[in-house]
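*Asks:* Supplied structure: entry.cif, mmCIF, C-alpha atoms.
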```
data_target
#
loop_
_atom_site.label_atom_id
_atom_site.label_comp_id
_atom_site.auth_asym_id
_atom_site.auth_seq_id
_atom_site.Cartn_x
_atom_site.Cartn_y
_atom_site.Cartn_z
CA MET A 182 -39.84 40.77 -13.66
CA ARG A 183 -38.87 37.12 -14.05
CA LYS A 184 -35.19 38.07 -14.27
CA ALA A 185 -35.47 40.20 -11.15
CA ILE A 186 -37.05 37.34 -9.18
CA LEU A 187 -34.37 34.91 -10.34
CA ALA A 188 -31.68 37.39 -9.33
CA LEU A 189 -33.15 37.70 -5.86
CA LEU A 190 -33.37 33.93 -5.50
CA ALA A 191 -29.78 33.56 -6.64
CA ALA A 192 -28.67 36.16 -4.13
CA GLY A 193 -30.52 34.27 -1.41
CA CYS A 194 -28.66 31.10 -2.30
CA ILE A 195 -25.26 32.64 -1.69
CA MET A 196 -26.10 34.66 1.41
CA PRO A 197 -25.11 33.06 4.73
CA VAL A 198 -27.95 31.33 6.53
CA LEU A 199 -28.64 33.02 9.84
CA THR A 200 -30.19 31.25 12.79
CA PRO A 201 -32.93 33.13 14.63
CA ALA A 202 -30.50 33.77 17.49
CA GLN A 203 -27.91 35.24 15.12
CA ALA A 204 -30.36 37.29 13.12
CA GLN A 205 -32.36 39.11 15.76
CA ASP A 206 -31.49 38.25 19.35
CA LYS A 207 -29.86 40.67 21.73
CA THR A 208 -26.58 39.56 23.27
CA VAL A 209 -26.95 37.88 26.64
CA ASN A 210 -23.92 37.83 28.95
CA MET A 211 -23.87 35.03 31.52
CA LYS A 212 -21.58 34.51 34.50
CA VAL A 213 -20.91 30.87 35.40
CA SER A 214 -19.65 30.43 38.97
CA LEU A 215 -17.69 27.39 40.14
CA TRP A 216 -16.09 27.05 43.55
CA VAL A 217 -13.42 24.53 42.54
CA PRO A 218 -9.95 25.69 41.43
CA PRO A 219 -8.91 25.99 37.77
CA ALA A 220 -6.97 22.70 37.97
CA HIS A 221 -10.18 20.81 38.73
CA PRO A 222 -11.38 18.84 35.66
CA LEU A 223 -14.84 20.37 36.00
CA VAL A 224 -13.45 23.79 35.03
CA PRO A 225 -12.12 23.06 31.50
CA ALA A 226 -15.14 20.82 30.83
CA THR A 227 -17.48 23.66 31.81
CA GLN A 228 -15.50 26.10 29.70
CA ALA A 229 -15.93 23.78 26.69
CA TRP A 230 -19.68 23.55 27.42
CA ALA A 231 -19.92 27.36 27.63
CA ALA A 232 -17.93 27.77 24.41
CA ASP A 233 -20.28 25.44 22.57
CA ILE A 234 -23.28 27.45 23.74
CA GLU A 235 -21.67 30.63 22.49
CA LYS A 236 -20.81 29.00 19.15
CA VAL A 237 -24.26 27.55 18.54
CA SER A 238 -25.89 30.86 19.47
CA GLY A 239 -23.76 32.68 16.94
CA GLY A 240 -22.30 34.74 19.75
CA SER A 241 -25.64 35.97 21.07
CA ILE A 242 -25.04 34.08 24.34
CA LYS A 243 -21.67 34.91 25.85
CA MET A 244 -20.44 33.05 28.90
CA SER A 245 -17.64 33.79 31.35
CA VAL A 246 -16.56 31.04 33.75
CA PHE A 247 -15.35 32.07 37.22
CA PRO A 248 -13.68 29.29 39.29
CA SER A 249 -12.22 29.37 42.82
CA GLU A 250 -15.11 31.10 44.63
CA GLN A 251 -14.44 34.37 42.82
CA LEU A 252 -18.11 35.35 42.92
CA GLY A 253 -19.04 33.81 46.27
CA LYS A 254 -18.48 31.04 48.79
CA ALA A 255 -19.24 27.41 47.96
CA PHE A 256 -22.04 27.26 50.54
CA ASP A 257 -23.86 30.17 48.85
CA HIS A 258 -24.01 28.98 45.25
CA TYR A 259 -27.70 28.02 45.13
CA ASP A 260 -28.75 31.42 46.46
CA MET A 261 -26.31 33.09 44.07
CA ALA A 262 -28.21 31.54 41.16
CA ARG A 263 -31.56 32.43 42.70
CA ASP A 264 -30.56 36.04 43.37
CA GLY A 265 -28.65 36.67 40.13
CA ILE A 266 -25.24 37.16 41.70
CA ALA A 267 -24.23 34.62 39.07
CA ASP A 268 -26.34 33.33 36.18
CA ILE A 269 -25.31 29.68 36.38
CA THR A 270 -23.84 28.11 39.51
CA TYR A 271 -22.34 24.84 40.63
CA VAL A 272 -24.35 23.73 43.67
CA ASN A 273 -23.77 21.13 46.37
CA PRO A 274 -27.30 20.77 47.85
CA GLY A 275 -25.85 18.93 50.84
CA TYR A 276 -24.10 22.08 51.99
CA GLN A 277 -27.51 23.23 53.26
CA PRO A 278 -28.96 20.36 55.32
CA GLY A 279 -32.71 19.89 55.09
CA ARG A 280 -33.28 22.43 52.35
CA PHE A 281 -33.49 19.93 49.48
CA PRO A 282 -34.79 16.70 51.04
CA ILE A 283 -35.70 14.86 47.83
CA VAL A 284 -32.34 15.07 46.08
CA ALA A 285 -30.69 13.97 49.34
CA ALA A 286 -31.67 10.40 48.40
CA GLY A 287 -28.67 10.45 46.10
CA GLN A 288 -26.43 11.22 49.06
CA LEU A 289 -27.33 8.21 51.19
CA PRO A 290 -24.44 5.79 51.74
CA PHE A 291 -24.02 2.77 49.46
CA VAL A 292 -26.38 3.96 46.69
CA PHE A 293 -24.12 4.35 43.64
CA SER A 294 -21.39 2.03 42.43
CA ASP A 295 -20.25 4.10 39.45
CA GLY A 296 -19.98 7.82 38.76
CA LYS A 297 -20.83 7.81 35.04
CA LYS A 298 -23.82 5.48 35.23
CA GLY A 299 -24.87 7.13 38.46
CA THR A 300 -24.98 10.56 36.82
CA LEU A 301 -27.29 9.26 34.10
CA ALA A 302 -29.59 7.68 36.68
CA LEU A 303 -29.62 10.68 39.02
CA ASN A 304 -30.18 13.26 36.30
CA GLU A 305 -33.07 11.38 34.71
CA TRP A 306 -34.67 10.80 38.13
CA TYR A 307 -34.30 14.30 39.57
CA GLN A 308 -35.39 16.40 36.59
CA LYS A 309 -39.08 16.09 37.46
CA TYR A 310 -38.62 16.64 41.20
CA ALA A 311 -36.40 19.71 40.79
CA LYS A 312 -39.36 21.59 39.30
CA THR A 313 -40.77 21.66 42.83
CA GLU A 314 -37.76 21.38 45.09
CA MET A 315 -35.63 23.94 43.24
CA LYS A 316 -38.44 25.98 41.77
CA ASP A 317 -36.78 29.37 42.30
CA THR A 318 -34.02 28.43 39.84
CA LYS A 319 -33.94 26.39 36.64
CA LEU A 320 -32.15 23.06 36.96
CA CYS A 321 -29.76 22.49 34.08
CA PHE A 322 -28.58 19.04 35.12
CA ALA A 323 -27.72 16.97 38.19
CA PHE A 324 -24.72 14.68 38.60
CA ILE A 325 -22.47 12.84 41.05
CA HIS A 326 -18.75 12.38 41.33
CA ASP A 327 -17.16 8.94 41.38
CA PRO A 328 -17.97 7.42 44.80
CA GLY A 329 -15.75 8.64 47.61
CA SER A 330 -14.75 7.22 50.97
CA LEU A 331 -13.29 8.07 54.37
CA HIS A 332 -9.69 9.29 54.59
CA GLY A 333 -7.90 10.33 57.73
CA LYS A 334 -5.31 10.16 60.45
CA LYS A 335 -6.88 7.12 62.10
CA LYS A 336 -7.69 3.72 60.62
CA ILE A 337 -11.48 3.34 60.57
CA VAL A 338 -12.74 -0.22 60.04
CA VAL A 339 -16.18 -0.52 61.64
CA PRO A 340 -18.79 2.16 62.43
CA GLY A 341 -17.84 2.16 66.11
CA ASP A 342 -14.38 3.42 65.20
CA LEU A 343 -15.94 6.82 64.46
CA ASN A 344 -16.97 7.28 68.08
CA GLY A 345 -15.36 10.48 69.35
CA VAL A 346 -13.71 11.22 66.00
CA LYS A 347 -13.93 14.67 64.36
CA VAL A 348 -15.03 14.28 60.74
CA ARG A 349 -15.44 16.74 57.91
CA PRO A 350 -18.46 15.24 56.07
CA ALA A 351 -18.85 15.57 52.31
CA GLN A 352 -22.50 16.50 52.65
CA SER A 353 -25.31 16.61 55.19
CA THR A 354 -26.27 12.92 54.98
CA ILE A 355 -22.73 11.79 55.70
CA GLY A 356 -22.81 14.28 58.56
CA GLU A 357 -25.83 12.45 59.96
CA MET A 358 -23.95 9.16 59.59
CA VAL A 359 -21.06 10.56 61.60
CA LYS A 360 -23.39 11.60 64.43
CA LEU A 361 -25.15 8.24 64.28
CA PHE A 362 -21.86 6.50 65.01
CA GLY A 363 -20.77 8.88 67.77
CA GLY A 364 -18.49 11.20 65.83
CA THR A 365 -18.44 15.00 65.70
CA ASN A 366 -18.96 16.95 62.48
CA VAL A 367 -16.62 19.72 61.41
CA GLN A 368 -18.06 22.04 58.77
CA ALA A 369 -15.59 23.09 56.09
CA SER A 370 -15.94 23.58 52.35
CA ALA A 371 -13.66 21.61 50.05
CA PRO A 372 -11.09 24.43 49.71
CA GLU A 373 -10.94 24.78 53.51
CA SER A 374 -10.60 21.09 54.33
CA ARG A 375 -6.83 20.59 54.32
CA ASP A 376 -6.36 23.42 56.77
CA ALA A 377 -9.02 21.95 59.08
CA ILE A 378 -7.20 18.60 59.22
CA GLU A 379 -3.74 20.14 59.42
CA ARG A 380 -4.75 22.24 62.44
CA GLY A 381 -6.38 19.26 64.16
CA VAL A 382 -9.88 20.69 63.85
CA ALA A 383 -10.81 17.50 61.95
CA ASP A 384 -9.35 13.98 62.04
CA GLU A 385 -11.14 12.38 59.08
CA ILE A 386 -12.69 13.55 55.83
CA ALA A 387 -15.27 12.06 53.47
CA PHE A 388 -13.92 12.93 50.03
CA PRO A 389 -13.56 11.56 46.48
CA TRP A 390 -10.16 10.04 45.68
CA GLY A 391 -8.67 12.33 43.06
CA SER A 392 -9.67 15.50 44.86
CA ILE A 393 -7.68 14.39 47.88
CA PHE A 394 -4.60 15.24 45.80
CA LEU A 395 -6.12 18.29 44.14
CA PHE A 396 -6.74 20.03 47.47
CA GLY A 397 -3.48 18.79 49.03
CA ILE A 398 -5.28 16.64 51.60
CA ASP A 399 -2.98 13.69 50.84
CA LYS A 400 -0.32 15.56 52.82
CA VAL A 401 -2.34 15.40 56.06
CA VAL A 402 -4.07 11.96 55.95
CA LYS A 403 -2.76 8.38 55.80
CA TYR A 404 -5.61 5.84 55.97
CA HIS A 405 -8.25 5.24 53.27
CA ILE A 406 -11.21 2.81 53.19
CA ASP A 407 -11.42 1.14 49.77
CA VAL A 408 -15.20 1.05 49.40
CA PRO A 409 -17.73 3.21 47.45
CA LEU A 410 -19.15 4.66 50.65
CA TYR A 411 -21.01 7.65 49.26
CA SER A 412 -21.47 10.05 46.38
CA THR A 413 -22.27 13.72 46.58
CA VAL A 414 -25.06 15.17 44.48
CA PHE A 415 -24.34 18.33 42.51
CA THR A 416 -26.45 20.51 40.25
CA TYR A 417 -25.97 23.31 37.75
CA ASN A 418 -28.66 25.90 38.40
CA ILE A 419 -29.69 28.83 36.20
CA ASN A 420 -31.07 32.17 37.32
CA LEU A 421 -34.73 32.24 36.28
CA ALA A 422 -34.87 35.94 35.41
CA LYS A 423 -31.90 35.62 33.06
CA TYR A 424 -33.32 32.49 31.43
CA ASN A 425 -36.76 34.05 31.03
CA SER A 426 -35.25 37.18 29.47
CA MET A 427 -33.92 35.14 26.56
CA SER A 428 -35.57 34.70 23.20
CA PRO A 429 -37.22 31.32 22.40
CA ALA A 430 -34.25 30.46 20.18
CA GLN A 431 -31.75 31.23 22.94
CA LYS A 432 -33.77 29.28 25.51
CA LYS A 433 -33.71 26.27 23.20
CA ILE A 434 -29.94 26.48 22.93
CA ILE A 435 -29.65 26.48 26.73
CA ASP A 436 -32.14 23.59 26.98
CA ASP A 437 -30.18 21.66 24.37
CA HIS A 438 -27.10 22.02 26.58
CA CYS A 439 -28.91 20.88 29.74
CA THR A 440 -29.35 17.27 28.65
CA ALA A 441 -28.10 13.95 30.01
CA GLU A 442 -25.58 13.86 27.19
CA TRP A 443 -24.14 17.22 28.19
CA ALA A 444 -24.19 16.26 31.86
CA SER A 445 -21.93 13.36 30.91
CA LYS A 446 -19.66 15.49 28.71
CA VAL A 447 -19.17 17.99 31.52
CA THR A 448 -18.72 15.48 34.35
CA ASP A 449 -17.11 12.35 32.83
CA PRO A 450 -13.60 13.88 32.94
CA TRP A 451 -14.10 14.50 36.65
CA VAL A 452 -15.31 10.92 37.22
CA ASP A 453 -12.19 9.61 35.48
CA PHE A 454 -10.02 11.97 37.51
CA GLU A 455 -11.47 10.77 40.82
CA ALA A 456 -11.26 7.08 39.87
CA ASN A 457 -7.62 7.52 38.88
CA GLY A 458 -6.93 9.07 42.28
CA ARG A 459 -7.75 5.76 43.93
CA THR A 460 -5.17 4.00 41.77
CA LYS A 461 -2.61 6.72 42.51
CA MET A 462 -3.20 6.46 46.25
CA LYS A 463 -2.67 2.70 46.25
CA ALA A 464 0.77 3.17 44.74
CA LEU A 465 2.03 5.46 47.52
CA PRO A 466 4.17 3.73 50.16
CA ASP A 467 3.20 6.04 53.01
CA HIS A 468 -0.56 5.57 52.62
CA GLU A 469 -2.69 2.57 53.57
CA VAL A 470 -5.63 1.77 51.29
CA TYR A 471 -7.60 -1.14 52.73
CA LYS A 472 -10.75 -3.10 51.91
CA LEU A 473 -13.44 -4.09 54.38
CA THR A 474 -14.31 -7.70 55.03
CA PRO A 475 -17.85 -8.81 54.03
CA GLU A 476 -18.77 -8.81 57.72
CA GLN A 477 -17.47 -5.28 58.25
CA LEU A 478 -19.27 -3.99 55.16
CA ALA A 479 -22.51 -5.63 56.34
CA GLU A 480 -22.10 -3.86 59.68
CA TRP A 481 -21.80 -0.50 57.89
CA LYS A 482 -24.84 -1.14 55.71
CA LYS A 483 -26.94 -2.19 58.68
CA GLY A 484 -25.73 0.77 60.71
CA VAL A 485 -26.81 3.38 58.15
CA GLN A 486 -30.39 2.13 57.80
CA PRO A 487 -31.74 4.87 60.11
CA LEU A 488 -30.52 7.40 57.55
CA ASN A 489 -32.90 5.96 54.95
CA ALA A 490 -35.77 6.24 57.40
CA ALA A 491 -34.80 9.82 58.25
CA TRP A 492 -34.68 10.70 54.55
CA ALA A 493 -38.19 9.31 54.03
CA ALA A 494 -39.50 11.25 57.04
CA ALA A 495 -37.98 14.51 55.75
CA VAL A 496 -39.59 14.02 52.33
CA LYS A 497 -42.99 13.23 53.85
CA LYS A 498 -42.75 16.33 56.03
CA THR A 499 -42.67 18.47 52.88
CA GLY A 500 -45.62 16.60 51.37
CA GLY A 501 -43.66 14.24 49.13
CA ASP A 502 -44.43 10.57 48.57
CA ALA A 503 -41.19 9.06 49.83
CA ASP A 504 -42.06 5.52 48.79
CA ALA A 505 -42.84 6.53 45.21
CA ILE A 506 -39.77 8.77 44.99
CA ASP A 507 -37.54 6.00 46.31
CA ALA A 508 -39.07 3.51 43.86
CA ASP A 509 -38.40 5.94 41.01
CA LEU A 510 -34.75 6.24 42.02
CA LYS A 511 -34.33 2.48 42.33
CA ALA A 512 -35.86 2.04 38.87
CA MET A 513 -33.36 4.50 37.40
CA LEU A 514 -30.46 2.81 39.16
CA LYS A 515 -31.56 -0.50 37.66
CA LYS A 516 -32.13 1.01 34.20
CA HIS A 517 -28.59 2.44 34.10
CA ASP A 518 -26.92 -0.40 36.08
CA ALA A 519 -25.70 2.19 38.55
CA GLY A 520 -26.64 0.67 41.94
CA LEU A 521 -24.29 -0.75 44.51
#
```
So that I can check it, write out the structure of this file as structure tokens.

*Replies:*
Amino acid sequence: MRKAILALLAAGCIMPVLTPAQAQDKTVNMKVSLWVPPAHPLVPATQAWAADIEKVSGGSIKMSVFPSEQLGKAFDHYDMARDGIADITYVNPGYQPGRFPIVAAGQLPFVFSDGKKGTLALNEWYQKYAKTEMKDTKLCFAFIHDPGSLHGKKKIVVPGDLNGVKVRPAQSTIGEMVKLFGGTNVQASAPESRDAIERGVADEIAFPWGSIFLFGIDKVVKYHIDVPLYSTVFTYNINLAKYNSMSPAQKKIIDDHCTAEWASKVTDPWVDFEANGRTKMKALPDHEVYKLTPEQLAEWKKGVQPLNAAWAAAVKKTGGDADAIDADLKAMLKKHDAGL
């Protein structure tokens, strides 16, 4: 008997160790939908994230990444996650004005100075609020791109220069800024933006620097304000039914890949890409990249103050404590040295 027990123990020592996910879990296939093109740095970074999930799960979680709006339009990506058209989606909450009032705080002008630090601050701040505001999906993580600016056919220096100008805003809050200063908003997703400017439907665009080149918008604009005017908030959202169908071990693997560290791994290459676009633009002889004077910048900051008040009113309308939420965000900006 003793020999038999020792033999079994010895056999156990040389057998491969199986994780719970490898040993007993059914295979889960997940579709990840992105609306940016394959050349966008977010795509390979997301593919690496998905590959790590598959590896850690021992192949029980298989992910396929679909870029370029293959599964649906950019504007629809939150509902695609909610409805299961895709299992994980890349969402721009600002594409649907008023629907997500809390996270819109991250889209106010002159909030973030840095994309990497800003992502850490935003993600830590929004995790608790997403449980209410995005309750029909599971938030994986939230992030921003490196701050963008205004680019266009006309040189814009002070807010009044936007009067009568047609602008494609990056998100709903910038759209409100445009209206505040007398401009007209032109709705177009990122992939549609060059065409809108080329056809004269829009004169200016709020956009991050590197993506100006990625989407070919550099061919149709000339003037660029050198100031961190705004950032756009993005989220990765997971279909609840798919997440809830997973085993505890598989859920833990997903949760372990929805951390601040993974948010940085997925988005830092994009932040670097956008920041490098600013340097690239400055080197082009046929483009004018210009700074604002302290007086001009002060005029912009004063001019956008009604947007902060409107944000607070929208949050209060849904029952949120705008003052507490704003204080939380400011605390995170200070903690991560991410404020402007």

*Asks:* Find the spatial neighbours of region 402-412 of chain A, counting all atoms listed in the file, within a cut-off of 8 Å - ignore same-chain residues fewer than 3 positions away - and output them as a PyMOL selection string.

*Replies:* chain A and resi 287-294+325-338+355+385+398-399+467-473

*Asks:* So the first atom is CA of Thr318 (chain A) and the second is CA of Thr300 (chain A); what is the distance between them in Å, to one decimal place?

*Replies:* 20.3 Å

*Asks:* What's the separation between CA of Ala430 (chain A) and CA of Tyr271 (chain A), in Å to one decimal place?

*Replies:* 24.3 Å

*Asks:* So the first atom is CA of Pro222 (chain A) and the second is CA of Thr448 (chain A); what is the distance between them in Å, to one decimal place?

*Replies:*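 A separation of 8.2 Å between them.
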
*Asks:* Using all atoms listed in the file, which of the listed residues (A:Lys433, A:Arg459, A:His438, A:Arg349) sits closest to Trp390 (chain A)?

*Replies:* A:Arg459

*Asks:* Given all atoms listed in the file as the basis, pick out the residue of A:Gly458, A:Pro340, A:Pro282, A:Pro372 nearest to Glu480 (chain A).

*Replies:*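 Checking each of A:Gly458, A:Pro340, A:Pro282, A:Pro372 against Glu480 (chain A), counting all atoms listed in the file, the winner is A:Pro340.
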
*Asks:* Between A:Gly356, A:Pro429, A:Pro487, A:Gly265, which is the closest to Gln277 (chain A) once you count all atoms listed in the file?

*Replies:*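 Among the listed residues, the smallest separation from Gln277 (chain A) belongs to A:Gly356.
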
*Asks:* Which residue out of A:Ile378, A:Ile393, A:Ala369, A:Ile419 has the minimum interatomic distance to Cys439 (chain A) when all atoms listed in the file are used?

*Replies:* A:Ile419

*Asks:* Given the PyMOL selection byres ((chain A and resi 444) around 8) and the file above, list the residues it selects as a PyMOL selection string.

*Replies:* chain A and resi 300-301+322-324+439-443+445-448

*Asks:* Kindly resolve the PyMOL selection byres ((chain A and resi 346) around 9) on the present coordinates and return the residues as a list in words.

*Replies:*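 Checking the PyMOL selection byres ((chain A and resi 346) around 9) against this file, the residues are Lys335, Asp342, Leu343, Asn344, Gly345, Lys347, Val348, Val359, Gly363, Gly364, Thr365, Asn366, Ala383, Asp384 and Glu385 of chain A.
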
*Asks:* Set up a box along x, y and z of the file covering all listed atoms of region 377-389 of chain A, add 5 Å on every one of the six sides, and write the centre and edge lengths in Å to one decimal, as lines of an AutoDock Vina configuration file.

*Replies:*
```
center_x = -9.5
center_y = 16.9
center_z = 55.3
size_x = 21.5
size_y = 20.7
size_z = 27.7
```

*Asks:* From the list A:Pro466, A:Ala262, A:Met315, A:Val367, which residue is nearest Val382 (chain A) when using all atoms listed in the file?

*Replies:* A:Val367

*Asks:* Would you mind listing what lies within 7 Å of Ala493 (chain A) as a PyMOL selection string, with all atoms listed in the file counted and same-chain residues fewer than 4 positions away left out?

*Replies:* chain A and resi 489+497+503
